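Trainee: What follows is work.cif, made up of mmCIF, C-alpha atoms:
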data_data
#
loop_
_atom_site.label_atom_id
_atom_site.label_comp_id
_atom_site.auth_asym_id
_atom_site.auth_seq_id
_atom_site.Cartn_x
_atom_site.Cartn_y
_atom_site.Cartn_z
CA MET A 1 -161.24 -29.89 -32.21
CA ASN A 2 -161.44 -32.61 -29.56
CA GLU A 3 -159.09 -34.78 -31.55
CA SER A 4 -156.63 -31.89 -31.68
CA ILE A 5 -156.75 -31.42 -27.92
CA ASP A 6 -156.34 -35.17 -27.43
CA ARG A 7 -153.32 -35.12 -29.73
CA ARG A 8 -151.65 -32.29 -27.87
CA GLU A 9 -152.38 -33.89 -24.52
CA PHE A 10 -150.95 -37.13 -25.79
CA LEU A 11 -147.78 -35.40 -27.06
CA LYS A 12 -147.30 -33.70 -23.70
CA LEU A 13 -147.82 -36.94 -21.79
CA ALA A 14 -145.36 -38.68 -24.12
CA GLY A 15 -142.83 -35.94 -23.50
CA LEU A 16 -143.00 -34.89 -27.14
CA GLY A 17 -144.86 -31.59 -26.77
CA GLY A 18 -143.44 -29.15 -29.27
CA ALA A 19 -142.71 -25.45 -29.39
CA VAL A 20 -145.65 -23.23 -30.22
CA PHE A 21 -145.09 -20.52 -32.81
CA ALA A 22 -147.66 -17.87 -33.59
CA SER A 23 -147.66 -15.74 -36.70
CA GLY A 24 -147.46 -12.21 -35.40
CA LEU A 25 -150.83 -10.56 -35.76
CA ALA A 26 -153.24 -13.44 -35.33
CA GLY A 27 -154.76 -12.04 -32.17
CA CYS A 28 -155.84 -8.88 -33.96
CA ALA A 29 -158.60 -10.30 -36.04
CA SER A 30 -160.96 -13.21 -36.24
CA MET A 31 -161.53 -15.38 -39.27
CA ALA A 32 -164.86 -14.38 -40.66
CA GLY A 33 -166.61 -17.10 -42.63
CA ALA A 34 -163.77 -19.60 -42.68
CA LYS A 35 -163.90 -23.16 -41.45
CA GLN A 36 -161.80 -23.35 -38.31
CA ASP A 37 -161.03 -26.98 -37.58
CA ASP A 38 -157.55 -27.51 -36.21
CA PHE A 39 -155.41 -30.08 -37.97
CA TYR A 40 -152.05 -31.75 -38.15
CA PHE A 41 -149.53 -32.17 -40.92
CA VAL A 42 -146.04 -33.64 -41.27
CA GLN A 43 -143.08 -31.97 -42.99
CA LEU A 44 -140.13 -33.98 -44.28
CA SER A 45 -137.27 -32.39 -46.15
CA ASP A 46 -133.95 -32.88 -47.88
CA THR A 47 -134.01 -36.65 -48.18
CA HIS A 48 -131.33 -36.57 -50.93
CA TRP A 49 -132.10 -40.04 -52.25
CA GLY A 50 -129.02 -41.24 -54.19
CA PHE A 51 -126.46 -39.55 -51.94
CA LYS A 52 -123.32 -41.58 -51.25
CA GLY A 53 -120.99 -40.60 -48.42
CA PRO A 54 -120.41 -43.07 -45.60
CA ALA A 55 -118.62 -40.49 -43.45
CA LEU A 56 -121.79 -38.41 -43.38
CA ASN A 57 -124.42 -41.12 -43.48
CA PRO A 58 -123.45 -44.81 -43.74
CA ASP A 59 -127.16 -45.64 -43.97
CA ALA A 60 -127.93 -43.34 -46.91
CA ASP A 61 -129.76 -46.22 -48.62
CA GLY A 62 -131.94 -46.86 -45.59
CA THR A 63 -132.67 -43.59 -43.80
CA LEU A 64 -135.60 -42.60 -46.03
CA GLN A 65 -137.30 -45.96 -45.46
CA LYS A 66 -136.83 -45.56 -41.71
CA ALA A 67 -138.40 -42.09 -41.87
CA VAL A 68 -141.37 -43.49 -43.78
CA ALA A 69 -141.79 -46.16 -41.12
CA ALA A 70 -141.55 -43.52 -38.37
CA VAL A 71 -144.27 -41.40 -39.98
CA ASN A 72 -146.46 -44.47 -40.39
CA ALA A 73 -145.94 -45.24 -36.70
CA LEU A 74 -147.10 -41.81 -35.47
CA SER A 75 -149.83 -42.09 -32.90
CA PHE A 76 -152.05 -39.69 -34.84
CA GLU A 77 -152.72 -39.73 -38.53
CA PRO A 78 -151.67 -36.46 -40.18
CA ASP A 79 -154.12 -34.67 -42.47
CA PHE A 80 -151.36 -34.52 -45.06
CA ILE A 81 -147.62 -34.87 -45.53
CA VAL A 82 -145.34 -32.45 -47.36
CA PHE A 83 -141.83 -32.96 -48.68
CA THR A 84 -140.12 -29.57 -49.01
CA GLY A 85 -137.56 -30.40 -51.67
CA ASP A 86 -134.23 -32.08 -52.39
CA LEU A 87 -136.04 -35.37 -52.66
CA THR A 88 -132.96 -36.65 -54.51
CA HIS A 89 -129.27 -35.84 -54.52
CA THR A 90 -128.16 -34.08 -57.66
CA THR A 91 -126.60 -35.86 -60.62
CA ASP A 92 -125.40 -34.51 -63.95
CA ASP A 93 -126.93 -37.54 -65.70
CA PRO A 94 -130.58 -36.91 -66.69
CA LYS A 95 -131.35 -40.65 -66.79
CA GLU A 96 -129.95 -41.16 -63.30
CA ARG A 97 -131.92 -38.12 -62.10
CA ARG A 98 -135.16 -39.69 -63.33
CA ARG A 99 -134.19 -43.05 -61.83
CA ARG A 100 -133.56 -41.47 -58.41
CA LEU A 101 -136.81 -39.50 -58.53
CA ALA A 102 -138.75 -42.64 -59.46
CA GLU A 103 -137.09 -44.66 -56.69
CA PHE A 104 -137.89 -41.92 -54.20
CA ARG A 105 -141.54 -41.91 -55.33
CA ASP A 106 -141.70 -45.70 -54.93
CA ILE A 107 -140.21 -45.63 -51.43
CA VAL A 108 -142.54 -42.92 -50.12
CA GLY A 109 -145.40 -44.82 -51.74
CA ALA A 110 -145.23 -46.91 -48.56
CA LEU A 111 -146.59 -43.98 -46.53
CA LYS A 112 -149.97 -44.99 -45.13
CA ASN A 113 -151.32 -41.48 -45.62
CA LYS A 114 -151.76 -40.93 -49.34
CA ASN A 115 -152.38 -37.17 -49.14
CA VAL A 116 -148.77 -36.27 -49.92
CA ARG A 117 -147.53 -32.98 -51.41
CA PHE A 118 -144.16 -32.77 -53.10
CA MET A 119 -141.87 -29.87 -53.88
CA PRO A 120 -138.55 -29.75 -55.73
CA GLY A 121 -135.21 -28.67 -54.33
CA GLU A 122 -132.24 -27.41 -56.33
CA HIS A 123 -130.74 -30.90 -56.30
CA ASP A 124 -133.85 -32.22 -58.06
CA ALA A 125 -134.55 -29.40 -60.45
CA SER A 126 -131.84 -26.80 -61.04
CA LEU A 127 -129.93 -28.62 -63.78
CA ASP A 128 -132.90 -29.10 -66.11
CA ASN A 129 -135.23 -26.28 -65.01
CA GLY A 130 -137.40 -28.81 -63.20
CA GLU A 131 -138.16 -30.86 -66.30
CA ALA A 132 -137.61 -34.35 -64.85
CA TRP A 133 -139.20 -33.42 -61.52
CA LYS A 134 -142.36 -32.13 -63.22
CA GLU A 135 -142.61 -35.29 -65.34
CA LEU A 136 -142.92 -37.35 -62.18
CA PHE A 137 -144.58 -35.01 -59.69
CA GLY A 138 -146.53 -32.38 -61.67
CA PRO A 139 -146.47 -28.59 -61.29
CA SER A 140 -143.59 -27.28 -59.19
CA TYR A 141 -145.61 -24.46 -57.62
CA TYR A 142 -149.26 -24.58 -56.60
CA THR A 143 -151.80 -23.72 -53.92
CA PHE A 144 -154.33 -25.69 -51.95
CA ASP A 145 -156.74 -24.97 -49.14
CA HIS A 146 -157.17 -27.09 -46.06
CA LYS A 147 -159.54 -26.45 -43.16
CA GLY A 148 -159.36 -22.68 -43.33
CA VAL A 149 -155.68 -22.33 -44.19
CA HIS A 150 -154.46 -21.28 -47.62
CA PHE A 151 -151.25 -23.11 -48.54
CA ILE A 152 -148.88 -21.78 -51.17
CA ALA A 153 -146.01 -23.97 -52.39
CA VAL A 154 -143.44 -21.88 -54.24
CA ASP A 155 -140.58 -23.00 -56.46
CA ASN A 156 -137.34 -21.12 -55.81
CA VAL A 157 -135.10 -23.86 -57.20
CA SER A 158 -135.96 -24.74 -60.81
CA ASP A 159 -134.23 -21.55 -61.89
CA ALA A 160 -130.54 -22.36 -61.31
CA SER A 161 -129.99 -18.79 -60.14
CA ALA A 162 -132.25 -19.35 -57.09
CA ARG A 163 -135.07 -17.10 -58.21
CA LEU A 164 -138.82 -17.49 -58.22
CA GLY A 165 -138.78 -15.41 -61.38
CA GLU A 166 -141.14 -12.82 -62.75
CA THR A 167 -143.78 -15.30 -63.96
CA GLN A 168 -144.10 -16.90 -60.53
CA LEU A 169 -144.11 -13.58 -58.71
CA VAL A 170 -147.02 -12.42 -60.92
CA TRP A 171 -148.78 -15.72 -60.17
CA LEU A 172 -148.15 -15.26 -56.43
CA LYS A 173 -149.51 -11.73 -56.47
CA ALA A 174 -152.63 -12.84 -58.36
CA ASP A 175 -153.22 -15.61 -55.82
CA LEU A 176 -152.68 -13.32 -52.83
CA ASP A 177 -154.97 -10.67 -54.31
CA LYS A 178 -157.80 -13.18 -53.85
CA GLN A 179 -157.08 -13.64 -50.14
CA ASP A 180 -158.47 -11.68 -47.22
CA LYS A 181 -155.78 -9.76 -45.32
CA ASN A 182 -156.72 -11.85 -42.24
CA ALA A 183 -156.47 -15.15 -44.10
CA ARG A 184 -154.40 -17.90 -42.53
CA ILE A 185 -151.60 -18.42 -45.03
CA VAL A 186 -148.83 -21.00 -44.94
CA VAL A 187 -146.04 -20.84 -47.51
CA PHE A 188 -143.91 -23.87 -48.32
CA ALA A 189 -140.53 -23.17 -49.91
CA HIS A 190 -137.31 -25.06 -50.35
CA ARG A 191 -134.82 -22.23 -49.92
CA PRO A 192 -135.31 -19.54 -47.29
CA LEU A 193 -137.21 -16.54 -48.65
CA PHE A 194 -135.03 -14.22 -46.55
CA ASP A 195 -131.25 -13.69 -46.57
CA LEU A 196 -130.24 -16.23 -43.92
CA MET A 197 -126.66 -16.66 -45.24
CA PRO A 198 -126.31 -15.51 -48.85
CA GLN A 199 -122.60 -16.40 -48.80
CA TRP A 200 -123.61 -19.99 -48.11
CA ASP A 201 -126.29 -19.93 -50.81
CA TRP A 202 -128.95 -19.81 -48.09
CA ALA A 203 -131.19 -17.23 -49.71
CA THR A 204 -133.54 -16.63 -52.63
CA ARG A 205 -132.30 -13.95 -54.97
CA ASP A 206 -135.74 -12.40 -55.42
CA GLY A 207 -137.08 -13.59 -52.08
CA ALA A 208 -137.48 -10.01 -50.88
CA GLN A 209 -140.04 -9.44 -53.64
CA ALA A 210 -142.04 -12.46 -52.45
CA MET A 211 -141.85 -11.21 -48.86
CA GLU A 212 -143.05 -7.79 -49.96
CA LEU A 213 -146.11 -9.42 -51.52
CA LEU A 214 -146.77 -11.46 -48.35
CA MET A 215 -146.18 -8.65 -45.87
CA PRO A 216 -149.69 -7.06 -46.03
CA TYR A 217 -151.20 -10.37 -44.87
CA ARG A 218 -151.42 -10.58 -41.12
CA ASN A 219 -151.11 -14.33 -40.59
CA VAL A 220 -148.37 -15.82 -42.72
CA THR A 221 -145.98 -18.60 -41.73
CA VAL A 222 -143.26 -20.09 -43.92
CA PHE A 223 -141.98 -23.66 -43.64
CA TYR A 224 -138.87 -24.46 -45.66
CA GLY A 225 -135.90 -26.84 -45.95
CA HIS A 226 -132.50 -26.53 -47.66
CA ILE A 227 -130.35 -25.77 -44.60
CA HIS A 228 -130.57 -29.27 -43.03
CA GLN A 229 -131.38 -28.05 -39.54
CA GLU A 230 -134.04 -26.40 -37.48
CA ASN A 231 -133.98 -22.61 -37.60
CA HIS A 232 -136.59 -20.03 -36.60
CA HIS A 233 -136.60 -16.48 -37.88
CA MET A 234 -139.01 -13.55 -38.03
CA THR A 235 -139.34 -11.07 -40.89
CA GLY A 236 -141.57 -8.53 -39.23
CA HIS A 237 -144.67 -10.53 -38.24
CA ILE A 238 -143.91 -13.43 -40.64
CA ALA A 239 -142.32 -16.52 -39.10
CA HIS A 240 -139.94 -18.83 -41.00
CA HIS A 241 -139.24 -22.37 -39.77
CA SER A 242 -136.66 -24.59 -41.47
CA ALA A 243 -136.76 -28.36 -41.15
CA LYS A 244 -134.12 -30.97 -40.45
CA SER A 245 -132.75 -33.14 -43.22
CA LEU A 246 -133.02 -36.90 -43.60
CA ILE A 247 -129.50 -37.42 -44.92
CA PHE A 248 -126.96 -35.29 -42.98
CA PRO A 249 -127.09 -32.10 -40.91
CA LEU A 250 -125.22 -28.92 -41.87
CA ILE A 251 -123.43 -26.69 -39.39
CA ALA A 252 -125.23 -23.73 -37.86
CA PRO A 253 -125.34 -20.56 -39.97
CA GLY A 254 -122.18 -18.51 -39.50
CA SER A 255 -120.61 -20.93 -37.03
CA GLN A 256 -117.59 -21.42 -39.34
CA PRO A 257 -116.31 -19.46 -42.35
CA LYS A 258 -117.44 -22.14 -44.80
CA ARG A 259 -120.64 -24.13 -44.97
CA ALA A 260 -119.97 -27.75 -44.04
CA PRO A 261 -121.84 -30.94 -43.23
CA VAL A 262 -121.77 -32.50 -39.78
CA ALA A 263 -120.04 -35.87 -39.75
CA TRP A 264 -121.91 -39.02 -38.70
CA ASP A 265 -121.43 -39.82 -35.03
CA PRO A 266 -121.31 -43.63 -34.55
CA ALA A 267 -122.07 -43.11 -30.87
CA GLN A 268 -125.27 -41.25 -31.79
CA PRO A 269 -126.41 -42.52 -35.19
CA TYR A 270 -128.97 -40.35 -37.05
CA LYS A 271 -128.26 -37.45 -34.69
CA GLY A 272 -129.51 -34.19 -36.16
CA LEU A 273 -131.78 -35.93 -38.66
CA GLY A 274 -135.54 -36.04 -38.43
CA PHE A 275 -138.91 -34.74 -39.50
CA ARG A 276 -141.60 -32.67 -37.83
CA GLY A 277 -145.24 -32.71 -37.01
CA VAL A 278 -147.12 -29.42 -37.14
CA ASP A 279 -150.26 -28.93 -35.12
CA ALA A 280 -152.16 -26.05 -36.68
CA GLU A 281 -154.49 -24.12 -34.41
CA VAL A 282 -156.26 -22.18 -37.11
CA GLN A 283 -158.15 -19.56 -35.11
CA LYS A 284 -154.99 -18.37 -33.36
CA ALA A 285 -152.77 -18.99 -36.40
CA GLU A 286 -150.52 -20.94 -34.07
CA TYR A 287 -148.33 -23.81 -35.16
CA GLU A 288 -147.04 -26.23 -32.58
CA ILE A 289 -143.95 -27.89 -34.00
CA THR A 290 -142.84 -31.27 -32.71
CA GLU A 291 -139.52 -32.61 -33.95
CA TYR A 292 -139.25 -36.37 -34.39
CA PRO A 293 -136.05 -38.42 -34.79
CA VAL A 294 -135.61 -40.95 -37.58
CA ILE A 295 -135.37 -43.74 -35.07
CA LYS A 296 -136.45 -43.84 -31.44
CA VAL A 297 -133.48 -43.71 -29.09
CA MET B 298 -105.12 30.75 -90.33
CA ASN B 299 -105.11 28.71 -93.45
CA PRO B 300 -107.21 25.54 -93.47
CA GLU B 301 -104.22 23.22 -93.50
CA ARG B 302 -102.59 24.84 -90.41
CA ARG B 303 -105.99 24.79 -88.63
CA ARG B 304 -106.35 21.04 -89.36
CA VAL B 305 -102.85 20.26 -88.07
CA LEU B 306 -103.38 22.38 -84.95
CA ALA B 307 -106.75 20.74 -84.26
CA ALA B 308 -105.24 17.29 -84.65
CA GLY B 309 -102.46 18.23 -82.23
CA ILE B 310 -104.91 19.52 -79.64
CA ALA B 311 -107.00 16.35 -79.99
CA ALA B 312 -103.92 14.17 -79.55
CA LEU B 313 -102.89 16.09 -76.45
CA ALA B 314 -106.41 15.83 -75.04
CA GLY B 315 -106.38 12.09 -75.68
CA THR B 316 -103.05 11.73 -73.92
CA ALA B 317 -104.35 13.75 -71.00
CA ALA B 318 -107.41 11.52 -70.80
CA VAL B 319 -105.27 8.40 -70.72
CA PHE B 320 -103.16 9.81 -67.90
CA ALA B 321 -106.24 10.97 -65.97
CA GLN B 322 -107.77 7.50 -65.76
CA PRO B 323 -106.16 5.13 -63.27
CA GLN B 324 -104.99 1.95 -64.92
CA GLU B 325 -107.25 -0.88 -63.87
CA LYS B 326 -105.60 -4.18 -63.28
CA VAL B 327 -107.37 -7.01 -65.10
CA ILE B 328 -107.47 -10.50 -63.61
CA ARG B 329 -108.74 -13.29 -65.81
CA ILE B 330 -110.51 -16.17 -64.09
CA THR B 331 -111.81 -19.37 -65.62
CA ALA B 332 -114.89 -20.99 -64.08
CA ARG B 333 -115.14 -24.69 -64.72
CA LYS B 334 -116.76 -27.68 -63.07
CA PHE B 335 -116.28 -27.23 -60.14
CA GLU B 336 -113.61 -24.65 -59.46
CA PHE B 337 -112.40 -21.17 -60.24
CA VAL B 338 -108.90 -20.90 -61.68
CA PRO B 339 -107.15 -19.18 -59.99
CA GLY B 340 -109.06 -19.97 -56.81
CA LYS B 341 -107.24 -17.34 -54.79
CA ILE B 342 -107.44 -13.75 -56.06
CA GLU B 343 -104.74 -11.45 -54.71
CA LEU B 344 -105.82 -7.78 -54.44
CA LYS B 345 -104.62 -4.62 -52.75
CA LYS B 346 -106.84 -2.42 -50.64
CA GLY B 347 -107.99 0.65 -52.57
CA GLU B 348 -106.64 -0.61 -55.89
CA PRO B 349 -109.35 -0.92 -58.53
CA VAL B 350 -109.44 -4.16 -60.45
CA VAL B 351 -111.50 -5.72 -63.23
CA LEU B 352 -112.26 -9.42 -62.82
CA GLU B 353 -112.88 -11.11 -66.17
CA PHE B 354 -114.63 -14.47 -66.16
CA THR B 355 -115.10 -17.08 -68.84
CA THR B 356 -116.45 -20.62 -68.83
CA ALA B 357 -116.57 -23.40 -71.36
CA ASP B 358 -119.05 -25.43 -69.31
CA VAL B 359 -122.55 -24.35 -68.28
CA LEU B 360 -123.99 -21.15 -66.87
CA MET B 361 -122.11 -20.32 -63.70
CA GLY B 362 -122.01 -17.34 -61.36
CA PHE B 363 -119.53 -15.31 -59.37
CA ASN B 364 -120.74 -13.86 -56.09
CA ALA B 365 -118.62 -12.05 -53.52
CA PRO B 366 -121.20 -10.86 -50.98
CA ASP B 367 -118.63 -9.04 -48.83
CA PHE B 368 -118.07 -6.62 -51.71
CA LYS B 369 -121.64 -6.81 -53.06
CA VAL B 370 -120.52 -7.86 -56.54
CA ARG B 371 -121.86 -10.71 -58.64
CA THR B 372 -122.22 -11.67 -62.26
CA ASP B 373 -123.50 -14.51 -64.37
CA ILE B 374 -120.81 -16.34 -66.30
CA ALA B 375 -122.29 -17.64 -69.54
CA PRO B 376 -120.48 -19.95 -71.95
CA GLY B 377 -119.04 -18.05 -74.93
CA GLN B 378 -119.10 -14.66 -73.21
CA VAL B 379 -116.70 -12.65 -71.08
CA ALA B 380 -118.26 -11.46 -67.83
CA ARG B 381 -116.67 -8.50 -66.05
CA VAL B 382 -117.03 -6.97 -62.61
CA ARG B 383 -115.20 -3.96 -61.23
CA LEU B 384 -114.04 -4.10 -57.66
CA THR B 385 -112.09 -1.77 -55.38
CA PRO B 386 -111.52 -3.56 -52.06
CA ASP B 387 -112.14 -1.24 -49.14
CA ARG B 388 -110.68 -3.52 -46.45
CA THR B 389 -108.01 -6.12 -45.97
CA GLY B 390 -108.50 -9.78 -45.15
CA GLU B 391 -109.70 -13.06 -46.65
CA PHE B 392 -113.14 -13.11 -48.22
CA GLU B 393 -115.09 -15.99 -49.72
CA TYR B 394 -116.63 -15.97 -53.15
CA PHE B 395 -118.69 -18.72 -54.72
CA CYS B 396 -120.64 -19.88 -57.75
CA ASP B 397 -124.27 -18.90 -57.23
CA ASN B 398 -125.84 -20.62 -60.24
CA PHE B 399 -126.42 -24.31 -59.51
CA CYS B 400 -124.07 -25.91 -62.02
CA GLY B 401 -123.85 -29.62 -61.21
CA GLU B 402 -122.79 -32.32 -58.81
CA GLY B 403 -119.90 -30.37 -57.32
CA HIS B 404 -121.59 -26.99 -57.27
CA GLU B 405 -121.73 -26.72 -53.51
CA THR B 406 -117.95 -26.86 -53.21
CA MET B 407 -117.28 -24.35 -55.99
CA SER B 408 -115.83 -21.39 -54.16
CA GLY B 409 -112.65 -19.36 -53.83
CA THR B 410 -110.94 -16.71 -51.77
CA ILE B 411 -110.23 -13.03 -52.31
CA HIS B 412 -107.09 -12.07 -50.37
CA VAL B 413 -106.78 -8.33 -49.86
CA THR B 414 -103.53 -6.84 -48.50
CA ALA B 415 -102.71 -3.28 -47.49
#
Could I get this file's structure written as structure tokens?

Mentor:
Amino acid sequence: MNESIDRREFLKLAGLGGAVFASGLAGCASMAGAKQDDFYFVQLSDTHWGFKGPALNPDADGTLQKAVAAVNALSFEPDFIVFTGDLTHTTDDPKERRRRLAEFRDIVGALKNKNVRFMPGEHDASLDNGEAWKELFGPSYYTFDHKGVHFIAVDNVSDASARLGETQLVWLKADLDKQDKNARIVVFAHRPLFDLMPQWDWATRDGAQAMELLMPYRNVTVFYGHIHQENHHMTGHIAHHSAKSLIFPLIAPGSQPKRAPVAWDPAQPYKGLGFRGVDAEVQKAEYEITEYPVIKV
Amino acid sequence: MNPERRRVLAAGIAALAGTAAVFAQPQEKVIRITARKFEFVPGKIELKKGEPVVLEFTTADVLMGFNAPDFKVRTDIAPGQVARVRLTPDRTGEFEYFCDNFCGEGHETMSGTIHVTA
């Protein structure tokens, strides 16, 4: 607990203090019997290793390494690190896909913290139903518990039609059935589980079924990627927070008729790219999110 | 009535009924669209407000999708099959549609326009 307070104080003093987001009903109930240490994790997303496009990112071969260095240079060691999908940029060639995934794994092997969780994005997994991704990284959906929080990583990308699918929904229900309604639950997803912009493919076709399963739980927060920018949304009492990309930003939802990337600005290189630190205050089910740039400016 | 006259009369009534049925149903315009990596051909679909249309899709590539959220219609487009959706535009304007099954390197640019006039 003291370390957590020190970390927050440090972030404030360094001018990096983040926005605090609570999941809606946390104040209504205490956590009986659960360990309640606060902790800190880092989310990186949409690294798209293998992407080529100098107009969008002339340092596509070097941005991921810079992000790894920036995470390693954080003043406080995270408890764990999660990559929420699109580790690689898509390719129709299965051999090239495996090569990119292996290169990605080698590069992030330089992270000092070895407690790293991976998830696929549609660029990694949709063309072969996650086959290559699972060869290198294991199961594409899973749970783990950490200091009183139940984490659920879902896979809404291996199915090319952007579904979790019936098998995974049954698995999710079975997992949730074992949780107390007051449990602190964090869901990691690649695509949004709500209809952010279906016409831009920013949705999960059966995401509403997943949300229906999550809704009875009072303290649920979703962290996701896919849209290459920060976005915060509430579905009832459930908060959704999307992360920035580490390759190129996309325009804000609905700001133009068509989805489009944001061009690289030579005057402000790496603008709009970054990763985040999440300070979890377990008792309150509060998550303080601090956004970090790829390079210090 | 002898059996032969009854048969002829019945056949005549059936033929008339069939003709009536044909006239009663509005003729649906059929537009054939090919989905291929990574475009729809034609990319621009010209429709008239209130005029029902059947969109017929085929692909020779991989599983693709057609999704026009403004009209709440979508279908999978599987190789070797003809996929059909019925659509009666209820407003004029330009509306986006896109492939909603991740189909390859150019998937994210695979979209088209539905142009509806009065």

Trainee: Select from chain A every residue with an atom at most 12 Å from any atom of chain B, then for each give the shortest pair of atoms and their distance in Å to one decimal, using all atoms listed in the file, rows by chain and rising number, as JSON lines.

Mentor:
{"residue": "A:Gly50", "atom": "CA", "partner": "B:Glu402", "partner_atom": "CA", "distance": 11.8}
{"residue": "A:Phe51", "atom": "CA", "partner": "B:Glu402", "partner_atom": "CA", "distance": 10.6}
{"residue": "A:Lys52", "atom": "CA", "partner": "B:Glu402", "partner_atom": "CA", "distance": 12.0}
{"residue": "A:Thr88", "atom": "CA", "partner": "B:Glu402", "partner_atom": "CA", "distance": 11.9}
{"residue": "A:His89", "atom": "CA", "partner": "B:Glu402", "partner_atom": "CA", "distance": 8.5}
{"residue": "A:Thr90", "atom": "CA", "partner": "B:Glu402", "partner_atom": "CA", "distance": 5.8}
{"residue": "A:Thr91", "atom": "CA", "partner": "B:Glu402", "partner_atom": "CA", "distance": 5.5}
{"residue": "A:Asp92", "atom": "CA", "partner": "B:Gly401", "partner_atom": "CA", "distance": 5.8}
{"residue": "A:Asp93", "atom": "CA", "partner": "B:Glu402", "partner_atom": "CA", "distance": 9.6}
{"residue": "A:Pro94", "atom": "CA", "partner": "B:Gly401", "partner_atom": "CA", "distance": 11.3}
{"residue": "A:Arg97", "atom": "CA", "partner": "B:Glu402", "partner_atom": "CA", "distance": 11.3}
{"residue": "A:Gly121", "atom": "CA", "partner": "B:Phe399", "partner_atom": "CA", "distance": 11.1}
{"residue": "A:Glu122", "atom": "CA", "partner": "B:Phe399", "partner_atom": "CA", "distance": 7.3}
{"residue": "A:His123", "atom": "CA", "partner": "B:Glu402", "partner_atom": "CA", "distance": 8.5}
{"residue": "A:Asp124", "atom": "CA", "partner": "B:Gly401", "partner_atom": "CA", "distance": 10.8}
{"residue": "A:Ala125", "atom": "CA", "partner": "B:Phe399", "partner_atom": "CA", "distance": 9.6}
{"residue": "A:Ser126", "atom": "CA", "partner": "B:Phe399", "partner_atom": "CA", "distance": 6.2}
{"residue": "A:Leu127", "atom": "CA", "partner": "B:Gly401", "partner_atom": "CA", "distance": 6.7}
{"residue": "A:Asp128", "atom": "CA", "partner": "B:Cys400", "partner_atom": "CA", "distance": 10.2}
{"residue": "A:Asn129", "atom": "CA", "partner": "B:Phe399", "partner_atom": "CA", "distance": 10.6}
{"residue": "A:Asn156", "atom": "CA", "partner": "B:Phe399", "partner_atom": "CA", "distance": 12.0}
{"residue": "A:Val157", "atom": "CA", "partner": "B:Phe399", "partner_atom": "CA", "distance": 9.0}
{"residue": "A:Ser158", "atom": "CA", "partner": "B:Phe399", "partner_atom": "CA", "distance": 9.6}
{"residue": "A:Asp159", "atom": "CA", "partner": "B:Asn398", "partner_atom": "CA", "distance": 8.6}
{"residue": "A:Ala160", "atom": "CA", "partner": "B:Phe399", "partner_atom": "CA", "distance": 4.9}
{"residue": "A:Ser161", "atom": "CA", "partner": "B:Asn398", "partner_atom": "CA", "distance": 4.5}
{"residue": "A:Ala162", "atom": "CA", "partner": "B:Asn398", "partner_atom": "CA", "distance": 7.3}
{"residue": "A:Arg163", "atom": "CA", "partner": "B:Asn398", "partner_atom": "CA", "distance": 10.1}
{"residue": "A:Asp195", "atom": "CA", "partner": "B:Pro366", "partner_atom": "CA", "distance": 11.3}
{"residue": "A:Met197", "atom": "CA", "partner": "B:Pro366", "partner_atom": "CA", "distance": 9.8}
{"residue": "A:Pro198", "atom": "CA", "partner": "B:Pro366", "partner_atom": "CA", "distance": 7.2}
{"residue": "A:Gln199", "atom": "CA", "partner": "B:Pro366", "partner_atom": "CA", "distance": 6.1}
{"residue": "A:Trp200", "atom": "CA", "partner": "B:Phe395", "partner_atom": "CA", "distance": 8.3}
{"residue": "A:Asp201", "atom": "CA", "partner": "B:Asp397", "partner_atom": "CA", "distance": 6.8}
{"residue": "A:Trp202", "atom": "CA", "partner": "B:Asp397", "partner_atom": "CA", "distance": 10.3}
{"residue": "A:Ala203", "atom": "CA", "partner": "B:Asp397", "partner_atom": "CA", "distance": 10.4}
{"residue": "A:Thr204", "atom": "CA", "partner": "B:Asp397", "partner_atom": "CA", "distance": 10.6}
{"residue": "A:Arg205", "atom": "CA", "partner": "B:Asp397", "partner_atom": "CA", "distance": 9.7}
{"residue": "A:Gln256", "atom": "CA", "partner": "B:Glu393", "partner_atom": "CA", "distance": 12.0}
{"residue": "A:Pro257", "atom": "CA", "partner": "B:Glu393", "partner_atom": "CA", "distance": 8.2}
{"residue": "A:Lys258", "atom": "CA", "partner": "B:Glu393", "partner_atom": "CA", "distance": 8.2}
{"residue": "A:Arg259", "atom": "CA", "partner": "B:Glu405", "partner_atom": "CA", "distance": 9.0}
{"residue": "A:Ala260", "atom": "CA", "partner": "B:Thr406", "partner_atom": "CA", "distance": 9.4}
{"residue": "A:Pro261", "atom": "CA", "partner": "B:Glu405", "partner_atom": "CA", "distance": 11.1}

Trainee: Compile the contact shell of B:Ala332 as a count of residues only: residues with an atom at most 9 Å away, counting only C-alpha atoms, same-chain residues fewer than 6 positions apart removed.

Mentor: 12

Trainee: When the PyMOL selection byres ((chain A and resi 239) around 8) is applied to the file above, which residues end up in the set, as an NGL selection string?

Mentor: :A and (21-24 or 220-222 or 232-235 or 237-238 or 240-241)

Trainee: Take the residues from that selection and put them in a file with C-alpha atoms, as a compact mmCIF listing (two decimals), in the frame of the given file.

Mentor:
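Full text of out_13.txt as output:
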# COMPACT_ATOMS: atom_id res chain seq x y z
CA PHE A 21 -145.09 -20.52 -32.81
CA ALA A 22 -147.66 -17.87 -33.59
CA SER A 23 -147.66 -15.74 -36.70
CA GLY A 24 -147.46 -12.21 -35.40
CA VAL A 220 -148.37 -15.82 -42.72
CA THR A 221 -145.98 -18.60 -41.73
CA VAL A 222 -143.26 -20.09 -43.92
CA HIS A 232 -136.59 -20.03 -36.60
CA HIS A 233 -136.60 -16.48 -37.88
CA MET A 234 -139.01 -13.55 -38.03
CA THR A 235 -139.34 -11.07 -40.89
CA HIS A 237 -144.67 -10.53 -38.24
CA ILE A 238 -143.91 -13.43 -40.64
CA HIS A 240 -139.94 -18.83 -41.00
CA HIS A 241 -139.24 -22.37 -39.77
